[in-house]
$ cat upload.txt   # compact mmCIF, C-alpha atoms
# COMPACT_ATOMS: atom_id res chain seq x y z
CA MET A 22 -18.12 28.40 -10.51
CA LYS A 23 -16.77 27.91 -6.98
CA ALA A 24 -19.68 25.59 -6.12
CA GLN A 25 -18.99 23.52 -9.26
CA ILE A 26 -15.31 23.16 -8.35
CA ILE A 27 -16.20 22.07 -4.81
CA LYS A 28 -18.74 19.62 -6.21
CA LEU A 29 -16.16 18.16 -8.62
CA ASP A 30 -13.52 18.02 -5.87
CA THR A 31 -15.93 16.15 -3.58
CA ALA A 32 -16.91 13.73 -6.37
CA LEU A 33 -13.21 13.02 -7.07
CA TYR A 34 -12.64 12.53 -3.36
CA PHE A 35 -15.35 9.87 -3.18
CA ALA A 36 -13.95 8.19 -6.31
CA LEU A 37 -10.54 7.86 -4.61
CA TYR A 38 -11.43 7.42 -0.92
CA LYS A 39 -11.69 3.67 -0.36
CA PRO A 40 -12.30 2.63 3.24
CA GLU A 41 -13.30 -0.87 2.09
CA CYS A 42 -9.99 -1.47 0.25
CA LYS A 43 -7.94 -4.64 0.54
CA PRO A 44 -5.75 -4.83 3.67
CA TRP A 45 -2.51 -4.85 1.63
CA PHE A 46 -3.61 -1.68 -0.23
CA LYS A 47 -4.52 0.02 3.03
CA MET A 48 -1.06 -0.85 4.43
CA VAL A 49 0.65 0.54 1.33
CA MET A 50 -1.37 3.78 1.48
CA LEU A 51 -0.73 4.22 5.20
CA ALA A 52 3.00 3.55 4.69
CA LEU A 53 3.18 6.07 1.84
CA SER A 54 1.33 8.61 3.94
CA LYS A 55 3.64 8.09 6.91
CA SER A 56 6.74 8.32 4.70
CA GLY A 57 5.73 11.95 4.17
CA ASN A 58 5.58 12.78 7.89
CA GLY A 59 8.94 14.57 7.79
CA GLY A 60 11.31 12.50 9.90
CA LEU A 61 12.66 10.75 6.83
CA TYR A 62 13.54 14.12 5.30
CA VAL A 63 15.73 15.09 8.24
CA ILE A 64 17.53 11.75 8.39
CA LEU A 65 18.21 11.61 4.63
CA GLY A 66 19.32 15.24 4.59
CA ILE A 67 21.82 14.71 7.38
CA LEU A 68 23.13 11.45 5.88
CA SER A 69 23.48 13.09 2.47
CA ALA A 70 25.40 16.03 3.91
CA LEU A 71 27.71 13.75 5.90
CA PHE A 72 28.39 10.96 3.41
CA MET A 73 27.71 12.16 -0.14
CA GLY A 74 30.31 14.89 -0.45
CA SER A 75 29.59 18.26 -1.99
CA VAL A 76 26.52 17.05 -3.93
CA GLY A 77 24.97 15.77 -0.69
CA GLN A 78 25.77 19.02 1.07
CA GLN A 79 24.28 21.07 -1.78
CA PHE A 80 21.15 18.91 -1.67
CA ALA A 81 20.81 19.29 2.12
CA LEU A 82 21.26 23.06 1.88
CA CYS A 83 18.72 23.25 -0.93
CA ALA A 84 16.17 21.26 1.09
CA VAL A 85 16.68 23.44 4.18
CA VAL A 86 16.22 26.64 2.15
CA ALA A 87 13.17 25.18 0.39
CA PHE A 88 11.52 24.17 3.67
CA ALA A 89 12.35 27.61 5.14
CA ILE A 90 10.30 29.11 2.30
CA GLU A 91 7.56 26.47 2.19
CA ARG A 92 6.67 26.00 5.87
CA PRO A 93 5.62 29.60 6.62
CA LEU A 94 3.68 29.78 3.34
CA TYR A 95 2.00 26.44 4.06
CA LEU A 96 1.04 27.46 7.61
CA TYR A 97 -0.28 30.83 6.47
CA LEU A 98 -2.44 29.27 3.74
CA LYS A 99 -3.61 26.39 5.93
CA ASN A 100 -4.95 28.76 8.58
CA ARG A 101 -6.13 31.44 6.13
CA ILE A 102 -8.12 29.06 3.91
CA ALA A 103 -9.26 26.96 6.90
CA ARG A 104 -10.91 24.26 4.83
CA ILE A 105 -12.38 21.54 7.02
CA ARG A 106 -11.04 18.06 6.32
CA PRO A 107 -13.37 15.67 4.50
CA CYS A 108 -13.23 13.22 7.41
CA ASP A 109 -14.60 15.99 9.65
CA CYS A 110 -17.42 17.26 7.43
CA LEU A 111 -18.50 14.30 5.31
CA ALA A 112 -19.88 10.98 6.47
CA VAL A 113 -16.48 9.25 6.20
CA LYS A 114 -13.98 7.79 8.63
CA ALA A 115 -10.31 8.48 8.03
CA MET A 116 -7.83 5.62 8.26
CA LEU A 117 -5.56 7.79 10.42
CA THR A 118 -5.81 10.77 12.72
CA PRO A 119 -4.76 14.01 11.00
CA SER A 120 -2.24 16.24 12.77
CA ASP A 121 -4.45 19.34 12.51
CA LYS A 122 -8.02 20.29 11.64
CA PHE A 123 -7.62 21.96 8.23
CA SER A 124 -7.00 20.29 4.89
CA MET A 125 -5.88 22.88 2.34
CA PRO A 126 -3.11 22.74 1.32
CA SER A 127 -1.78 19.27 2.01
CA GLY A 128 1.47 19.57 3.96
CA HIS A 129 2.40 15.96 3.18
CA SER A 130 2.04 16.63 -0.55
CA ALA A 131 3.97 19.89 -0.28
CA GLY A 132 6.80 18.24 1.65
CA ALA A 133 7.01 15.19 -0.62
CA TRP A 134 7.10 17.23 -3.82
CA LEU A 135 9.55 19.72 -2.31
CA TYR A 136 11.91 16.95 -1.24
CA ALA A 137 11.54 15.01 -4.50
CA THR A 138 12.24 18.15 -6.55
CA CYS A 139 15.36 18.98 -4.54
CA LEU A 140 16.59 15.38 -4.82
CA ILE A 141 15.92 15.26 -8.57
CA GLU A 142 17.96 18.43 -9.05
CA HIS A 143 20.97 16.84 -7.36
CA PHE A 144 20.41 13.17 -8.28
CA PRO A 145 18.59 13.24 -11.65
CA ALA A 146 18.87 9.48 -12.16
CA LEU A 147 16.31 9.08 -9.35
CA ALA A 148 13.68 11.26 -11.05
CA LEU A 149 11.15 8.56 -11.93
CA PRO A 150 11.07 6.75 -8.56
CA LEU A 151 11.01 10.08 -6.70
CA MET A 152 8.07 11.37 -8.75
CA MET A 153 6.27 8.08 -8.21
CA TRP A 154 6.89 8.32 -4.45
CA ALA A 155 5.73 11.95 -4.22
CA SER A 156 2.64 11.08 -6.26
CA GLY A 157 2.01 8.12 -3.96
CA VAL A 158 2.26 10.28 -0.85
CA SER A 159 -0.19 12.76 -2.38
CA LEU A 160 -2.65 10.08 -3.49
CA SER A 161 -2.43 8.33 -0.13
CA ARG A 162 -3.68 11.44 1.65
CA ILE A 163 -6.93 11.22 -0.32
CA VAL A 164 -7.26 7.43 -0.10
CA VAL A 165 -6.85 7.45 3.71
CA GLY A 166 -9.59 10.08 3.94
CA VAL A 167 -7.87 13.25 5.18
CA HIS A 168 -7.60 15.42 2.03
CA TYR A 169 -9.56 16.42 -1.03
CA PRO A 170 -7.83 16.17 -4.43
CA ILE A 171 -7.45 19.96 -4.77
CA ASP A 172 -5.67 20.01 -1.37
CA VAL A 173 -2.95 17.65 -2.61
CA ILE A 174 -2.65 19.39 -5.99
CA LEU A 175 -2.12 22.75 -4.28
CA GLY A 176 0.36 21.12 -1.89
CA ALA A 177 2.31 19.64 -4.80
CA VAL A 178 2.44 23.01 -6.58
CA ILE A 179 3.60 24.81 -3.42
CA GLY A 180 6.22 22.18 -2.58
CA SER A 181 7.73 21.89 -6.04
CA GLY A 182 7.55 25.67 -6.53
CA CYS A 183 9.39 26.36 -3.28
CA ALA A 184 12.00 23.76 -4.24
CA VAL A 185 12.57 25.39 -7.64
CA LEU A 186 12.96 28.77 -5.90
CA ALA A 187 15.44 27.28 -3.41
CA ILE A 188 17.39 25.61 -6.21
CA GLY A 189 17.79 29.04 -7.81
CA VAL A 190 18.82 30.67 -4.51
CA VAL A 191 21.33 27.95 -3.58
CA GLY A 192 22.70 27.92 -7.12
CA GLU A 193 23.55 31.61 -6.76
CA LEU A 194 25.61 31.03 -3.60
$ encode --input "upload.txt" --output "structure tokens"
Amino acid sequence: MKAQIIKLDTALYFALYKPECKPWFKMVMLALSKSGNGGLYVILGILSALFMGSVGQQFALCAVVAFAIERPLYLYLKNRIARIRPCDCLAVKAMLTPSDKFSMPSGHSAGAWLYATCLIEHFPALALPLMMWASGVSLSRIVVGVHYPIDVILGAVIGSGCAVLAIGVVGEL
């Protein structure tokens, strides 16, 4: 069963990984990927807390609590699972240099879904564009060659799950 899942995951990877894509598509995928690097989260969190009143402060607190739960879990799983990135074990060249050597789970997917879930809780009118952005960040990690599909799915589950947990914790305060 495990071998079949890995085989399916690799087949899906090759269906989505497109090194020969159009330059505009490559730029979009790289931009989506970079939007999940983390710096944007800090800036938006601080701006929200400073300029959006109590809702912005609740959002910022929720995001901080969610990341405090997610980051240790992510790091533990990343090093425990130690899955080699596709660009390091398959005959493919990534469009960017990954920040570490392991691929599962995807930290970019976890962070994007965590942040989107926290934002949706506090700004529900933004739900559709936020889900599209988080999906784009996740997909971009496969398209640029640094993650398998299961990596980004697990990252999305971890990120949104930690956000839901944080929403519950912050709501109790």
$ atom_distance --input "upload.txt" --atom1 "atom CA of Lys28 of chain A" --atom2 "atom CA of Gly157 of chain A"
23.8 Å
$ residues_around --input "upload.txt" --residues "Tyr136 of chain A" --least-positions-apart "6" --cutoff "9 Å" --atoms "only C-alpha atoms" --output "PyMOL selection string"
chain A and resi 62+84+87-88+151+155+180-181+184
$ closest_residue --input "upload.txt" --among "A:Ala89, A:Leu98, A:Val190, A:Ile163" --to "Leu53 of chain A" --atoms "only C-alpha atoms"
A:Ile163
$ residues_around --input "upload.txt" --residues "Tyr34 of chain A" --least-positions-apart "4" --cutoff "8 Å" --atoms "all atoms listed in the file" --output "ChimeraX atom specification"
/A:30,38,163,168-170
$ atom_distance --input "upload.txt" --atom1 "atom CA of Trp134 of chain A" --atom2 "atom CA of Lys23 of chain A"
26.3 Å
$ atom_distance --input "upload.txt" --atom1 "atom CA of Met50 of chain A" --atom2 "atom CA of Cys110 of chain A"
21.8 Å
$ residues_around --input "upload.txt" --residues "Arg92 of chain A" --least-positions-apart "5" --cutoff "9 Å" --atoms "all atoms listed in the file" --output "list in words"
Ala87, Tyr97, Gly128 and Gly132 of chain A
$ residues_around --input "upload.txt" --residues "Ala133 of chain A" --least-positions-apart "3" --cutoff "12 Å" --atoms "only C-alpha atoms" --output "PyMOL selection string"
chain A and resi 53-62+84+87-88+91+127-130+136-141+151-162+173-174+176-181+183-184
$ residues_around --input "upload.txt" --residues "segment 115-123 of chain A" --least-positions-apart "3" --cutoff "8 Å" --atoms "only C-alpha atoms" --output "list in words"
Pro40, Leu51, Lys99, Asn100, Ala103, Arg104, Ile105, Arg106, Cys108, Val165, Gly166 and Val167 of chain A
